[in-house]
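Peer 1: To start, I am sharing the structure in question, which I have written as structure tokens.
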Amino acid sequence: MRVDVVGASGTFPVPGRPASGYLITQGETRVWCDAGPGTFMGLPVDSDMVDAVVVSHQHPDHCADLFAAFHAWHYRPEPRNGVPLYAPEAVWERISEFLEKGPGSELYDLFDFNPVWTGDEITIGELEVRFTEMDHSVPTVGSRWEANNRTMFFTGDTGPDGDWRELARDVDVMLCEASYQGAPEDKAYSHHLTASEAGEIAREVGAGRLVLTHIPPYYDVAKSVHEAELAFDRPVTLATPGAHFDV
Ligand SMILES: [Zn+2]
């Protein structure tokens with residue numbers, strides 16, 4: 001399984017650093033996971049080669065480029081149709097309300113929407129994906145990706161609470177948000193993780209490797225990696241736009 005980091009900037013994009021978005025590839029299967037602003041333009045392949053879209057939650061830094069995709073895939077001489085979109089139900093409600101497109105509209109032609117939540121398992125080509133509810137302020141899913149007995153867990157946005165760690169157990173790679181630095185008790189918002197919490201949780205679930213993502217542009221990323229490494233007790237990788245890692 002190959003993961004291209006399209007964007008990993010936390011909360012908002014800056015030039016050269018789109019917000020949350022990845023292209024996950026296994027064989028001929030390509031899935032765009034999280035559609036943060038800047039990621040549609042930054043896909044490393046022609047967007048028509050994307051077989052399906054998975055979105056963790058409704059916050060704009062994870063879904064705003066669904067609008068870019070809608071315009072690019074629909075408003076052209078030969079529109080795409082039936083692109084599978086997997087996300088919590090609330091994502092579809094928000095997107096269709098914003099665009100004022102109901103059943104029977106071009107939005108419904110373009111996307112084949114499938115709500116996902118805790119316990120759901122789907123197959124997209126050569127990839128198996130399982131979902132669980134995360135600790136965030138709106139309905140958010142974490143996802144466990146599997147192919148050829150290799151596994152990755154992606155947190156989306158989350159705090160440390162809830163049962164989601166069970167689905168991350170023993171993964172080869174944990175792609176984990178790290179929105180804060182410093183002590184967990186100093187967090188301004190409980191539904192995100194510090195870099196040290198990311199490291200602690202990755203160690204607790206037995207992740208083979210930790211890749212940090214969702215670090216806001218105003219932080220020194222080296223500090224986040226350092227704090228995560230102290231907690232994980234092993235080297236930590238940073239999700240960098242334009243780079244990829246193999247699972
Ligand atoms: Zn976010």
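In the structure tokens, chains take letters A, B, ... by order of appearance, with residues numbered from 1 within each chain and ligands from 1 in the order shown.
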For chain A versus ligand 1, which residues have an atom no more than 12 Å away, and what is each residue's nearest atom pair and distance in Å rounded to one decimal, using only C-alpha atoms and all ligand atoms, chain-then-number order, as a Markdown table?
Peer 2:
```
| residue | atom | partner | partner_atom_place_in_ligand_line | distance |
| --- | --- | --- | --- | --- |
| A:Gly7 | CA | ligand 1 | 1 (Zn) | 11.4 |
| A:Ala8 | CA | ligand 1 | 1 (Zn) | 9.5 |
| A:Ser9 | CA | ligand 1 | 1 (Zn) | 8.6 |
| A:Gly10 | CA | ligand 1 | 1 (Zn) | 5.7 |
| A:Thr11 | CA | ligand 1 | 1 (Zn) | 4.7 |
| A:Phe12 | CA | ligand 1 | 1 (Zn) | 7.8 |
| A:Pro13 | CA | ligand 1 | 1 (Zn) | 10.5 |
| A:Pro18 | CA | ligand 1 | 1 (Zn) | 11.7 |
| A:Ala19 | CA | ligand 1 | 1 (Zn) | 7.9 |
| A:Ser20 | CA | ligand 1 | 1 (Zn) | 7.0 |
| A:Gly21 | CA | ligand 1 | 1 (Zn) | 10.5 |
| A:Asp34 | CA | ligand 1 | 1 (Zn) | 9.9 |
| A:Ala35 | CA | ligand 1 | 1 (Zn) | 10.9 |
| A:Gly36 | CA | ligand 1 | 1 (Zn) | 8.5 |
| A:Pro37 | CA | ligand 1 | 1 (Zn) | 10.9 |
| A:Val55 | CA | ligand 1 | 1 (Zn) | 11.4 |
| A:Ser56 | CA | ligand 1 | 1 (Zn) | 9.4 |
| A:His57 | CA | ligand 1 | 1 (Zn) | 8.6 |
| A:Gln58 | CA | ligand 1 | 1 (Zn) | 9.3 |
| A:His59 | CA | ligand 1 | 1 (Zn) | 6.5 |
| A:Pro60 | CA | ligand 1 | 1 (Zn) | 7.7 |
| A:Asp61 | CA | ligand 1 | 1 (Zn) | 5.3 |
| A:His62 | CA | ligand 1 | 1 (Zn) | 6.1 |
| A:Cys63 | CA | ligand 1 | 1 (Zn) | 9.5 |
| A:Ala64 | CA | ligand 1 | 1 (Zn) | 11.2 |
| A:His136 | CA | ligand 1 | 1 (Zn) | 9.7 |
| A:Ser137 | CA | ligand 1 | 1 (Zn) | 10.8 |
| A:Val138 | CA | ligand 1 | 1 (Zn) | 11.0 |
| A:Thr140 | CA | ligand 1 | 1 (Zn) | 10.4 |
| A:Thr155 | CA | ligand 1 | 1 (Zn) | 10.4 |
| A:Gly156 | CA | ligand 1 | 1 (Zn) | 7.2 |
| A:Asp157 | CA | ligand 1 | 1 (Zn) | 5.5 |
| A:Thr158 | CA | ligand 1 | 1 (Zn) | 8.8 |
| A:Gly159 | CA | ligand 1 | 1 (Zn) | 11.5 |
| A:Cys176 | CA | ligand 1 | 1 (Zn) | 11.6 |
| A:Glu177 | CA | ligand 1 | 1 (Zn) | 8.5 |
| A:Ala178 | CA | ligand 1 | 1 (Zn) | 10.1 |
| A:Ser179 | CA | ligand 1 | 1 (Zn) | 8.3 |
| A:Tyr180 | CA | ligand 1 | 1 (Zn) | 11.8 |
| A:His191 | CA | ligand 1 | 1 (Zn) | 10.2 |
| A:His192 | CA | ligand 1 | 1 (Zn) | 8.7 |
| A:Leu193 | CA | ligand 1 | 1 (Zn) | 11.1 |
| A:Thr213 | CA | ligand 1 | 1 (Zn) | 10.0 |
| A:His214 | CA | ligand 1 | 1 (Zn) | 6.7 |
| A:Ile215 | CA | ligand 1 | 1 (Zn) | 9.3 |
| A:Pro216 | CA | ligand 1 | 1 (Zn) | 9.3 |
```
Peer 1: Pick out each residue of range 43-241 of chain A that DSSP on the backbone tags as helix (DSSP H, G or I); I need them as a PyMOL selection string.
Peer 2: chain A and resi 47-49+60-63+65-74+89-99+106-110+164-168+184-186+195-205+221-232
Peer 1: Take CA of Arg203 in chain A and CA of Gly162 in chain A and report the distance between them in Å, one decimal.
Peer 2: 17.1 Å
Peer 1: Calculated over only C-alpha atoms, which of the candidates A:Val54, A:Val247, A:Leu107, A:Val5 has the smallest distance to Leu212 in chain A?
Peer 2: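 Checking each of A:Val54, A:Val247, A:Leu107, A:Val5 against Leu212 in chain A, counting only C-alpha atoms, the winner is A:Val5.
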